[in-house]
Amino acid sequence: EGRPADAFERSLADLEKAGVEWRKTNPQAHDARTASVASDAPASFIYTSGTTGNPKGVVLTHANWVYEADAVAGMQIVRPDDVLLQFLPFAHSFAKVIQAVWFRTGAEGAFVESLEKIMDNASEVRPTIMPAVPRIFEKAFNTVVSKGLATPGLKGKLFQLAMEGFEEYSNARDAGKEYSGLKMVIARKLIFPKLKAALAERFGGRMRLFVSGGAPLSTKIAYFFEQLGFVILEGYGLTETSAASFVNRPGQVKIGTVGPAIPGTEVKIAEDGEILIKGPGVMKEYYRNPEATAEAIKGGWFYTGDIGQLDEQGRLKITDRKKDIIVTAGGKNVAPQNLENDLKTDNLVSQVMVHGDKRKFLSALVTLNEENAKKWAAENGVPPGAALHQDPRVIARIQRSVDALNAKQASYSTIKKFAIIPKDFTVEGGELTPTLKVKRKLVTQQYKAVLDAFYADGKGGD
């Protein structure tokens with residue numbers, strides 16, 4: 001807006017005026033350009049987020065996006081009468097595939113003003129479907145639990161009993177067992193209906209379903225939303241596969257899986273457990289990187305770098321990222337994301353990074369949910385203004401969650417030591433990707449001294 005500061009700048013108004021004038025003298029230019037575009041021509045250059053290494057430019061074609069749009073629209077996940085609430089960055093493949101489906105179906109799209117205003121904007125536009133990353137569901141869960149536990153009197157005690165019952169229910173579901181206890185009866189009869197009504201209103205009252213992608217969704221979070229009557233369709237894909245390769249279908253959700261492959265996509269599991277994908281969604285190449293392309297695509301199969309398994313219905317379960325798997329000094333393989341997702345269900349915890357590759361034992365870096373931690377501190381005698389990450393009461397409180405997690409693990413996959421970091425990981429600070437995943441390599445380097453100190457005394461190994 002306004003006057004250009006120098007010859008290198010042009011105001012938007014001037015640019016629009018120049019476009020109008022140019023179109024008058026070149027009326028057929030757009031049609032000619034459209035006609036000249038081949039289906040295998042590049043449509044997008046999207047760089048991988050680089051959580052473990054340097055980003056690579058993924059070349060995705062018009063055919064890739066048309067295939068994705070047709071496949072997802074055909075599954076009736078997004079319908080023409082839907083209102084999509086969108087907050088994902090359009091530089092990310094998850095958002096790009098949602099954009100393609102949005103255009104394909106003719107649904108209505110609404111954009112949030114900021115991440116802080118997601119709920120306010122939801123109340124305003126009353127969406128029917130919302131694509132999201134697990135962090136959004138984690139925050140909603142922790143906010144609900146924190147408020148419920150802080151409720152005084154009988155209501156607070158009932159809420160606590162309900163959450164204890166839900167914890168037992170969640171653990172039983174993970175173990176493939178049935179669960180029915182008095183605490184869960186209290187949850188279903190007295191607590192969950194009110195939570196559902198409150199959350200439904202906050203989301204505008206018309207939410208038909210959520211789509212979760214970009215990172216693994218904790219089964220505990222998924223069970224919680226299921227008990228409240230919300231539908232979350234967890235899916236899976238990579239930038240290199242145009243984002244959507246697998247997704248749970250409406251009415252056929254199996255929590256803990258990312259569903260079957262979308263129509264037209266093939267999958268097989270390599271001998272080492274790596275997931276291989278073939279189909280019209282697979283990228284054309286890595287931009288100007290033939291060596292990396294040849295390494296990733298062999299015989300038409302894209303090697304995802306993720307580890308998983310298929311059930312008898314062809315639904316895929318992701319067990320971990322191949323590059324993220326920790327191999328301890330004792331030779332034990334540990335999937336860090338499973339441990340991290342469990343700890344992040346503690347309403348005082350914001351982010352977790354488990355460490356331990358080639359080390360004698362596992363350790364972790366933990367950041368606090370500032371708002372919830374301050375409330376807890378005030379209720380538990382911590383002086384105002386105290387450094388919460390160093391306070392022994394806060395550390396002991398987090399230790400209880402670590403102990404509860406460790407009780408469910410084999411000895412080699414327990415977290416022996418942890419440190420609370422004074423500030424949260426953020427996208428702006430560089431520790432998180434745009435889809436809110438921790439950049440392990442960067443965080444490991446940034447907190448090298450803290451991590452090394454865990455192992456300095458040589459104790460703690462199995």
# chains A, B, ... in the order shown; residues from 1 in each chain; ligands from 1

call {"tool": "closest_atom_pairs", "arguments": {"of": "stretch 103-198 of chain A", "to": "stretch 238-261 of chain A", "cutoff": "12 Å", "atoms": "only C-alpha atoms", "output": "JSON lines"}}
result
{"residue": "A:Ser170", "atom": "CA", "partner": "A:Ile255", "partner_atom": "CA", "distance": 11.2}
{"residue": "A:Arg173", "atom": "CA", "partner": "A:Ile255", "partner_atom": "CA", "distance": 9.6}
{"residue": "A:Asp174", "atom": "CA", "partner": "A:Gly256", "partner_atom": "CA", "distance": 8.4}
{"residue": "A:Ala175", "atom": "CA", "partner": "A:Gly256", "partner_atom": "CA", "distance": 11.5}
{"residue": "A:Gly176", "atom": "CA", "partner": "A:Gly256", "partner_atom": "CA", "distance": 11.1}

call {"tool": "residues_around", "arguments": {"residues": "stretch 394-404 of chain A", "least_positions_apart": "3", "cutoff": "12 Å", "atoms": "only C-alpha atoms", "output": "CSV table (one decimal) with all heavy atoms, in the first residue's frame"}}
result
chain,number,residue,atom,x,y,z
A,167,GLU,N,-8.5,-42.9,32.1
A,167,GLU,CA,-7.1,-43.4,32.0
A,167,GLU,C,-7.1,-44.9,32.0
A,167,GLU,O,-6.4,-45.5,31.2
A,167,GLU,CB,-6.3,-42.9,33.2
A,167,GLU,CG,-4.8,-43.2,33.2
A,167,GLU,CD,-4.1,-42.3,32.2
A,167,GLU,OE1,-4.5,-41.1,31.9
A,167,GLU,OE2,-3.0,-42.7,31.7
A,171,ASN,N,-5.9,-47.2,28.7
A,171,ASN,CA,-4.9,-48.3,28.8
A,171,ASN,C,-5.4,-49.6,28.4
A,171,ASN,O,-4.7,-50.4,27.7
A,171,ASN,CB,-4.3,-48.3,30.3
A,171,ASN,CG,-3.5,-47.1,30.6
A,171,ASN,OD1,-3.0,-46.4,29.8
A,171,ASN,ND2,-3.4,-46.8,31.9
A,339,LEU,N,6.4,-42.5,23.3
A,339,LEU,CA,6.7,-42.0,24.6
A,339,LEU,C,6.3,-40.5,24.7
A,339,LEU,O,5.7,-40.1,25.7
A,339,LEU,CB,8.2,-42.2,25.0
A,339,LEU,CG,8.7,-43.7,24.9
A,339,LEU,CD1,10.2,-43.7,25.1
A,339,LEU,CD2,8.0,-44.6,25.9
A,340,GLU,N,6.7,-39.8,23.7
A,340,GLU,CA,6.4,-38.3,23.7
A,340,GLU,C,4.9,-38.0,23.7
A,340,GLU,O,4.5,-37.2,24.5
A,340,GLU,CB,7.1,-37.7,22.5
A,340,GLU,CG,8.6,-37.7,22.6
A,340,GLU,CD,9.3,-37.5,21.2
A,340,GLU,OE1,8.6,-37.5,20.2
A,340,GLU,OE2,10.5,-37.4,21.2
A,341,ASN,N,4.2,-38.8,22.9
A,341,ASN,CA,2.7,-38.6,22.8
A,341,ASN,C,2.1,-38.9,24.1
A,341,ASN,O,1.1,-38.2,24.5
A,341,ASN,CB,2.1,-39.4,21.7
A,341,ASN,CG,2.4,-38.9,20.3
A,341,ASN,OD1,2.8,-37.7,20.2
A,341,ASN,ND2,2.3,-39.7,19.3
A,342,ASP,N,2.6,-39.9,24.8
A,342,ASP,CA,2.0,-40.2,26.1
A,342,ASP,C,2.2,-39.1,27.1
A,342,ASP,O,1.3,-38.7,27.8
A,342,ASP,CB,2.6,-41.5,26.6
A,342,ASP,CG,1.8,-42.1,27.8
A,342,ASP,OD1,1.7,-41.4,28.8
A,342,ASP,OD2,1.3,-43.3,27.7
A,343,LEU,N,3.4,-38.6,27.2
A,343,LEU,CA,3.8,-37.6,28.2
A,343,LEU,C,3.0,-36.3,27.9
A,343,LEU,O,2.7,-35.5,28.8
A,343,LEU,CB,5.3,-37.3,28.2
A,343,LEU,CG,6.1,-38.1,29.2
A,343,LEU,CD1,7.6,-37.7,29.1
A,343,LEU,CD2,5.6,-38.0,30.6
A,344,LYS,N,2.8,-36.0,26.6
A,344,LYS,CA,2.1,-34.7,26.3
A,344,LYS,C,0.6,-34.7,26.6
A,344,LYS,O,0.0,-33.7,26.5
A,344,LYS,CB,2.3,-34.5,24.8
A,344,LYS,CG,3.7,-34.0,24.4
A,344,LYS,CD,3.7,-33.4,23.0
A,344,LYS,CE,3.6,-34.4,21.9
A,344,LYS,NZ,3.8,-33.9,20.6
A,345,THR,N,0.1,-35.9,27.1
A,345,THR,CA,-1.3,-35.8,27.6
A,345,THR,C,-1.4,-35.3,29.0
A,345,THR,O,-2.4,-35.1,29.6
A,345,THR,CB,-1.9,-37.2,27.5
A,345,THR,OG1,-1.2,-38.1,28.4
A,345,THR,CG2,-2.0,-37.8,26.1
A,346,ASP,N,-0.2,-35.1,29.7
A,346,ASP,CA,-0.2,-34.4,31.0
A,346,ASP,C,-0.5,-32.9,30.7
A,346,ASP,O,0.2,-32.3,29.9
A,346,ASP,CB,1.2,-34.6,31.6
A,346,ASP,CG,1.4,-33.9,32.9
A,346,ASP,OD1,0.7,-32.9,33.2
A,346,ASP,OD2,2.2,-34.4,33.8
A,347,ASN,N,-1.5,-32.4,31.4
A,347,ASN,CA,-1.9,-31.0,31.1
A,347,ASN,C,-0.9,-29.9,31.5
A,347,ASN,O,-1.0,-28.8,31.1
A,347,ASN,CB,-3.2,-30.7,31.7
A,347,ASN,CG,-3.2,-30.7,33.2
A,347,ASN,OD1,-2.7,-31.6,33.8
A,347,ASN,ND2,-3.7,-29.6,33.8
A,348,LEU,N,0.2,-30.3,32.2
A,348,LEU,CA,1.3,-29.4,32.5
A,348,LEU,C,2.4,-29.4,31.5
A,348,LEU,O,3.2,-28.5,31.4
A,348,LEU,CB,1.9,-29.7,33.9
A,348,LEU,CG,1.4,-28.8,35.1
A,348,LEU,CD1,-0.1,-29.0,35.2
A,348,LEU,CD2,2.2,-29.2,36.3
A,349,VAL,N,2.3,-30.4,30.6
A,349,VAL,CA,3.4,-30.5,29.6
A,349,VAL,C,3.0,-29.9,28.2
A,349,VAL,O,1.9,-30.1,27.8
A,349,VAL,CB,3.8,-32.0,29.4
A,349,VAL,CG1,4.7,-32.2,28.2
A,349,VAL,CG2,4.4,-32.6,30.7
A,350,SER,N,3.9,-29.2,27.6
A,350,SER,CA,3.7,-28.7,26.2
A,350,SER,C,4.3,-29.6,25.2
A,350,SER,O,3.7,-30.2,24.3
A,350,SER,CB,4.1,-27.2,26.1
A,350,SER,OG,3.9,-26.8,24.8
A,352,VAL,N,7.8,-32.4,24.3
A,352,VAL,CA,8.7,-33.4,24.8
A,352,VAL,C,9.6,-33.9,23.6
A,352,VAL,O,9.1,-34.1,22.5
A,352,VAL,CB,8.0,-34.7,25.3
A,352,VAL,CG1,9.0,-35.7,25.9
A,352,VAL,CG2,7.0,-34.3,26.4
A,354,VAL,N,12.4,-37.0,23.3
A,354,VAL,CA,13.1,-38.1,24.0
A,354,VAL,C,14.4,-38.3,23.2
A,354,VAL,O,14.5,-38.2,22.0
A,354,VAL,CB,12.2,-39.4,23.9
A,354,VAL,CG1,13.1,-40.6,24.4
A,354,VAL,CG2,11.0,-39.3,24.8
A,362,LEU,N,17.6,-43.8,28.0
A,362,LEU,CA,16.8,-42.7,27.5
A,362,LEU,C,16.7,-41.5,28.4
A,362,LEU,O,16.6,-41.7,29.6
A,362,LEU,CB,15.4,-43.2,27.1
A,362,LEU,CG,15.2,-44.3,26.1
A,362,LEU,CD1,13.7,-44.6,25.9
A,362,LEU,CD2,15.9,-44.0,24.8
A,363,SER,N,16.7,-40.3,27.9
A,363,SER,CA,16.4,-39.1,28.6
A,363,SER,C,15.4,-38.3,27.9
A,363,SER,O,15.0,-38.6,26.7
A,363,SER,CB,17.7,-38.3,28.8
A,363,SER,OG,18.3,-38.0,27.6
A,364,ALA,N,15.0,-37.2,28.4
A,364,ALA,CA,14.0,-36.3,27.8
A,364,ALA,C,14.2,-34.9,28.1
A,364,ALA,O,14.6,-34.5,29.2
A,364,ALA,CB,12.6,-36.8,28.1
A,365,LEU,N,13.8,-34.0,27.1
A,365,LEU,CA,13.7,-32.6,27.4
A,365,LEU,C,12.2,-32.3,27.4
A,365,LEU,O,11.4,-32.8,26.5
A,365,LEU,CB,14.3,-31.8,26.3
A,365,LEU,CG,15.9,-32.0,26.1
A,365,LEU,CD1,16.4,-31.2,24.9
A,365,LEU,CD2,16.6,-31.6,27.3
A,366,VAL,N,11.7,-31.6,28.4
A,366,VAL,CA,10.3,-31.3,28.5
A,366,VAL,C,10.1,-29.8,28.6
A,366,VAL,O,10.9,-29.1,29.3
A,366,VAL,CB,9.8,-31.9,29.8
A,366,VAL,CG1,8.3,-31.6,30.1
A,366,VAL,CG2,9.9,-33.4,29.8
A,367,THR,N,9.1,-29.3,28.0
A,367,THR,CA,8.7,-27.9,28.1
A,367,THR,C,7.3,-27.8,28.8
A,367,THR,O,6.5,-28.7,28.6
A,367,THR,CB,8.6,-27.1,26.8
A,367,THR,OG1,7.5,-27.5,26.0
A,367,THR,CG2,9.9,-27.3,26.0
A,368,LEU,N,7.0,-26.7,29.5
A,368,LEU,CA,5.8,-26.6,30.3
A,368,LEU,C,4.7,-25.9,29.5
A,368,LEU,O,5.0,-25.0,28.7
A,368,LEU,CB,6.1,-25.9,31.6
A,368,LEU,CG,7.0,-26.5,32.6
A,368,LEU,CD1,7.2,-25.6,33.8
A,368,LEU,CD2,6.4,-27.8,33.1
A,369,ASN,N,3.5,-26.3,29.7
A,369,ASN,CA,2.3,-25.5,29.3
A,369,ASN,C,2.2,-24.3,30.3
A,369,ASN,O,1.8,-24.5,31.4
A,369,ASN,CB,1.1,-26.3,29.3
A,369,ASN,CG,-0.2,-25.6,28.9
A,369,ASN,OD1,-0.4,-24.5,29.3
A,369,ASN,ND2,-1.0,-26.2,28.0
A,370,GLU,N,2.7,-23.1,29.8
A,370,GLU,CA,2.9,-22.0,30.8
A,370,GLU,C,1.6,-21.7,31.5
A,370,GLU,O,1.6,-21.5,32.8
A,370,GLU,CB,3.3,-20.8,30.0
A,370,GLU,CG,3.7,-19.6,30.9
A,370,GLU,CD,4.3,-18.4,30.1
A,370,GLU,OE1,4.3,-18.5,28.9
A,370,GLU,OE2,4.6,-17.4,30.7
A,372,ASN,N,-1.2,-23.5,32.2
A,372,ASN,CA,-1.6,-24.6,33.2
A,372,ASN,C,-0.6,-24.7,34.3
A,372,ASN,O,-0.9,-25.0,35.5
A,372,ASN,CB,-1.7,-25.9,32.4
A,372,ASN,CG,-2.9,-25.9,31.5
A,372,ASN,OD1,-3.8,-25.0,31.6
A,372,ASN,ND2,-3.0,-26.9,30.6
A,373,ALA,N,0.7,-24.6,34.0
A,373,ALA,CA,1.8,-24.7,35.0
A,373,ALA,C,1.7,-23.6,36.0
A,373,ALA,O,1.9,-23.8,37.2
A,373,ALA,CB,3.2,-24.7,34.3
A,374,LYS,N,1.4,-22.4,35.6
A,374,LYS,CA,1.2,-21.3,36.5
A,374,LYS,C,0.0,-21.5,37.5
A,374,LYS,O,0.1,-21.2,38.6
A,374,LYS,CB,1.1,-19.9,35.7
A,374,LYS,CG,2.4,-19.4,35.2
A,374,LYS,CD,2.2,-18.1,34.5
A,374,LYS,CE,3.5,-17.5,33.9
A,374,LYS,NZ,3.3,-16.3,33.2
A,375,LYS,N,-1.1,-22.0,36.9
A,375,LYS,CA,-2.2,-22.3,37.7
A,375,LYS,C,-1.9,-23.3,38.8
A,375,LYS,O,-2.2,-23.2,40.0
A,375,LYS,CB,-3.4,-22.7,36.9
A,375,LYS,CG,-4.1,-21.6,36.1
A,375,LYS,CD,-5.2,-22.2,35.3
A,375,LYS,CE,-5.9,-21.2,34.4
A,375,LYS,NZ,-7.0,-21.8,33.5
A,376,TRP,N,-1.2,-24.4,38.3
A,376,TRP,CA,-0.9,-25.5,39.3
A,376,TRP,C,0.1,-24.9,40.3
A,376,TRP,O,-0.1,-25.3,41.5
A,376,TRP,CB,-0.2,-26.6,38.5
A,376,TRP,CG,0.1,-27.8,39.3
A,376,TRP,CD1,-0.7,-28.9,39.6
A,376,TRP,CD2,1.3,-28.0,40.1
A,376,TRP,NE1,-0.1,-29.8,40.4
A,376,TRP,CE2,1.1,-29.3,40.8
A,376,TRP,CE3,2.5,-27.3,40.3
A,376,TRP,CZ2,2.1,-29.8,41.6
A,376,TRP,CZ3,3.4,-27.9,41.1
A,376,TRP,CH2,3.2,-29.1,41.8
A,377,ALA,N,1.0,-24.1,39.9
A,377,ALA,CA,2.0,-23.6,40.9
A,377,ALA,C,1.3,-22.8,41.9
A,377,ALA,O,1.6,-22.9,43.1
A,377,ALA,CB,3.1,-22.8,40.1
A,378,ALA,N,0.4,-21.9,41.5
A,378,ALA,CA,-0.3,-21.0,42.5
A,378,ALA,C,-1.1,-21.8,43.5
A,378,ALA,O,-1.2,-21.5,44.7
A,378,ALA,CB,-1.2,-20.1,41.7
A,379,GLU,N,-1.7,-23.0,43.0
A,379,GLU,CA,-2.5,-23.8,43.9
A,379,GLU,C,-1.7,-24.7,44.8
A,379,GLU,O,-2.2,-25.3,45.7
A,379,GLU,CB,-3.4,-24.7,43.0
A,379,GLU,CG,-4.5,-23.9,42.3
A,379,GLU,CD,-5.1,-24.7,41.2
A,379,GLU,OE1,-4.8,-25.9,41.0
A,379,GLU,OE2,-6.0,-24.1,40.5
A,380,ASN,N,-0.3,-24.8,44.5
A,380,ASN,CA,0.5,-25.8,45.2
A,380,ASN,C,1.7,-25.1,46.0
A,380,ASN,O,2.7,-25.7,46.2
A,380,ASN,CB,1.0,-26.9,44.3
A,380,ASN,CG,-0.1,-27.8,43.9
A,380,ASN,OD1,-0.3,-28.8,44.6
A,380,ASN,ND2,-0.8,-27.6,42.8
A,381,GLY,N,1.5,-23.8,46.3
A,381,GLY,CA,2.4,-23.1,47.2
A,381,GLY,C,3.7,-22.7,46.6
A,381,GLY,O,4.6,-22.3,47.3
A,382,VAL,N,3.8,-22.6,45.2
A,382,VAL,CA,5.0,-22.1,44.6
A,382,VAL,C,4.9,-20.6,44.6
A,382,VAL,O,3.9,-20.0,44.1
A,382,VAL,CB,5.1,-22.7,43.1
A,382,VAL,CG1,6.4,-22.1,42.5
A,382,VAL,CG2,5.1,-24.2,43.1
A,383,PRO,N,5.9,-19.9,45.1
A,383,PRO,CA,5.9,-18.4,45.1
A,383,PRO,C,5.7,-17.8,43.8
A,383,PRO,O,6.3,-18.3,42.8
A,383,PRO,CB,7.3,-18.1,45.7
A,383,PRO,CG,7.7,-19.3,46.4
A,383,PRO,CD,7.2,-20.5,45.6
A,386,ALA,N,8.5,-17.4,40.7
A,386,ALA,CA,9.5,-18.5,40.8
A,386,ALA,C,9.8,-19.1,39.4
A,386,ALA,O,8.9,-19.1,38.5
A,386,ALA,CB,9.1,-19.5,41.7
A,387,ALA,N,11.0,-19.5,39.2
A,387,ALA,CA,11.4,-20.2,37.9
A,387,ALA,C,10.8,-21.6,38.0
A,387,ALA,O,11.3,-22.5,38.6
A,387,ALA,CB,12.9,-20.2,37.8
A,388,LEU,N,9.7,-21.8,37.3
A,388,LEU,CA,8.9,-23.1,37.4
A,388,LEU,C,9.7,-24.3,37.0
A,388,LEU,O,9.6,-25.3,37.5
A,388,LEU,CB,7.6,-23.0,36.6
A,388,LEU,CG,6.6,-21.9,37.1
A,388,LEU,CD1,5.3,-22.0,36.3
A,388,LEU,CD2,6.3,-22.1,38.6
A,389,HIS,N,10.6,-24.1,35.9
A,389,HIS,CA,11.3,-25.2,35.4
A,389,HIS,C,12.4,-25.7,36.4
A,389,HIS,O,12.9,-26.8,36.2
A,389,HIS,CB,12.0,-24.8,34.1
A,389,HIS,CG,13.1,-23.8,34.2
A,389,HIS,ND1,12.9,-22.5,34.5
A,389,HIS,CD2,14.5,-24.0,34.1
A,389,HIS,CE1,14.1,-21.9,34.5
A,389,HIS,NE2,15.0,-22.8,34.3
A,390,GLN,N,12.7,-24.9,37.4
A,390,GLN,CA,13.7,-25.3,38.4
A,390,GLN,C,13.1,-25.6,39.7
A,390,GLN,O,13.7,-26.1,40.6
A,390,GLN,CB,14.7,-24.2,38.6
A,390,GLN,CG,15.6,-23.9,37.4
A,390,GLN,CD,16.5,-22.7,37.6
A,390,GLN,OE1,16.2,-21.8,38.3
A,390,GLN,NE2,17.6,-22.8,36.9
A,391,ASP,N,11.8,-25.4,39.9
A,391,ASP,CA,11.1,-25.6,41.2
A,391,ASP,C,11.0,-27.1,41.5
A,391,ASP,O,10.5,-27.8,40.7
A,391,ASP,CB,9.8,-24.9,41.2
A,391,ASP,CG,9.2,-24.9,42.6
A,391,ASP,OD1,8.5,-25.9,43.0
A,391,ASP,OD2,9.3,-23.9,43.3
A,407,ALA,N,6.1,-47.1,34.0
A,407,ALA,CA,5.5,-48.3,34.5
A,407,ALA,C,4.9,-49.2,33.4
A,407,ALA,O,4.7,-50.4,33.6
A,407,ALA,CB,4.4,-48.0,35.5
A,408,LYS,N,4.6,-48.6,32.3
A,408,LYS,CA,4.0,-49.4,31.1
A,408,LYS,C,5.1,-49.8,30.1
A,408,LYS,O,4.7,-50.4,29.1
A,408,LYS,CB,3.0,-48.5,30.4
A,408,LYS,CG,1.8,-48.0,31.3
A,408,LYS,CD,0.8,-47.2,30.5
A,408,LYS,CE,1.3,-45.8,30.3
A,408,LYS,NZ,0.2,-45.0,29.6
A,409,GLN,N,6.4,-49.5,30.4
A,409,GLN,CA,7.4,-49.8,29.4
A,409,GLN,C,8.4,-50.9,29.9
A,409,GLN,O,8.5,-51.2,31.1
A,409,GLN,CB,8.2,-48.5,29.2
A,409,GLN,CG,7.5,-47.3,28.8
A,409,GLN,CD,6.7,-47.4,27.5
A,409,GLN,OE1,7.2,-48.0,26.6
A,409,GLN,NE2,5.5,-46.9,27.5
A,411,SER,N,12.2,-52.1,30.5
A,411,SER,CA,13.2,-51.3,31.2
A,411,SER,C,14.0,-50.5,30.2
A,411,SER,O,14.3,-49.3,30.5
A,411,SER,CB,14.1,-52.3,32.0
A,411,SER,OG,15.2,-51.6,32.6
A,413,SER,N,13.2,-49.0,27.5
A,413,SER,CA,12.4,-47.9,26.9
A,413,SER,C,11.8,-47.0,28.0
A,413,SER,O,10.9,-46.2,27.7
A,413,SER,CB,11.3,-48.4,26.0
A,413,SER,OG,10.4,-49.2,26.7
A,414,THR,N,12.4,-47.0,29.2
A,414,THR,CA,12.0,-46.1,30.3
A,414,THR,C,12.9,-44.8,30.2
A,414,THR,O,14.0,-44.9,29.8
A,414,THR,CB,12.1,-46.7,31.7
A,414,THR,OG1,13.4,-47.2,31.9
A,414,THR,CG2,11.1,-47.9,31.8
A,415,ILE,N,12.3,-43.7,30.6
A,415,ILE,CA,13.0,-42.4,30.7
A,415,ILE,C,13.7,-42.3,32.0
A,415,ILE,O,13.0,-42.2,33.0
A,415,ILE,CB,12.1,-41.3,30.4
A,415,ILE,CG1,11.6,-41.4,28.9
A,415,ILE,CG2,12.8,-39.9,30.6
A,415,ILE,CD1,10.4,-40.4,28.6
A,416,LYS,N,15.0,-42.4,32.1
A,416,LYS,CA,15.7,-42.4,33.3
A,416,LYS,C,15.9,-41.0,33.9
A,416,LYS,O,15.9,-40.8,35.1
A,416,LYS,CB,17.1,-43.1,33.2
A,416,LYS,CG,17.0,-44.5,32.7
A,416,LYS,CD,16.5,-45.4,33.8
A,416,LYS,CE,16.8,-46.9,33.5
A,416,LYS,NZ,16.1,-47.4,32.3
A,417,LYS,N,16.1,-40.0,33.0
A,417,LYS,CA,16.4,-38.6,33.4
A,417,LYS,C,15.7,-37.7,32.5
A,417,LYS,O,15.5,-38.0,31.3
A,417,LYS,CB,17.9,-38.3,33.5
A,417,LYS,CG,18.7,-39.2,34.4
A,417,LYS,CD,20.2,-38.8,34.4
A,417,LYS,CE,21.0,-39.7,35.4
A,417,LYS,NZ,22.4,-39.3,35.4
A,418,PHE,N,15.3,-36.5,33.0
A,418,PHE,CA,14.7,-35.5,32.2
A,418,PHE,C,15.1,-34.1,32.7
A,418,PHE,O,15.5,-34.0,33.9
A,418,PHE,CB,13.2,-35.6,32.1
A,418,PHE,CG,12.4,-35.3,33.4
A,418,PHE,CD1,12.0,-34.0,33.6
A,418,PHE,CD2,12.2,-36.3,34.4
A,418,PHE,CE1,11.3,-33.7,34.8
A,418,PHE,CE2,11.5,-36.0,35.5
A,418,PHE,CZ,11.1,-34.7,35.7
A,419,ALA,N,14.9,-33.1,31.9
A,419,ALA,CA,15.1,-31.7,32.3
A,419,ALA,C,14.0,-30.9,31.7
A,419,ALA,O,13.5,-31.2,30.6
A,419,ALA,CB,16.4,-31.2,31.8
A,420,ILE,N,13.5,-29.9,32.5
A,420,ILE,CA,12.5,-29.0,32.1
A,420,ILE,C,13.2,-27.8,31.5
A,420,ILE,O,14.0,-27.2,32.2
A,420,ILE,CB,11.5,-28.6,33.2
A,420,ILE,CG1,10.9,-29.9,33.8
A,420,ILE,CG2,10.5,-27.6,32.7
A,420,ILE,CD1,10.0,-29.6,35.0
A,421,ILE,N,12.9,-27.5,30.2
A,421,ILE,CA,13.5,-26.4,29.5
A,421,ILE,C,12.8,-25.1,29.9
A,421,ILE,O,11.5,-25.1,30.0
A,421,ILE,CB,13.4,-26.6,28.0
A,421,ILE,CG1,14.1,-27.9,27.7
A,421,ILE,CG2,14.1,-25.5,27.3
A,421,ILE,CD1,15.6,-28.0,28.1

call {"tool": "select_by_dssp", "arguments": {"residues": "stretch 259-445 of chain A", "states": "alpha helix (DSSP H)", "output": "PyMOL selection string"}}
result
chain A and resi 290-296+336-343+370-379+392-406+440-445

call {"tool": "closest_residue", "arguments": {"among": "A:Gly165, A:Gly74, A:Gly279, A:Gly229", "to": "A:Leu195", "atoms": "only C-alpha atoms"}}
result
A:Gly229

call {"tool": "select_by_dssp", "arguments": {"residues": "stretch 61-230 of chain A", "states": "strand (DSSP E or B)", "output": "list in words"}}
result
Thr61, Val83, Leu84, Leu85, Gln86, Glu108, Gly109, Ala110, Phe111, Ile129, Met130, Pro131, Ala132, Leu209, Phe210, Val211 and Ser212 of chain A
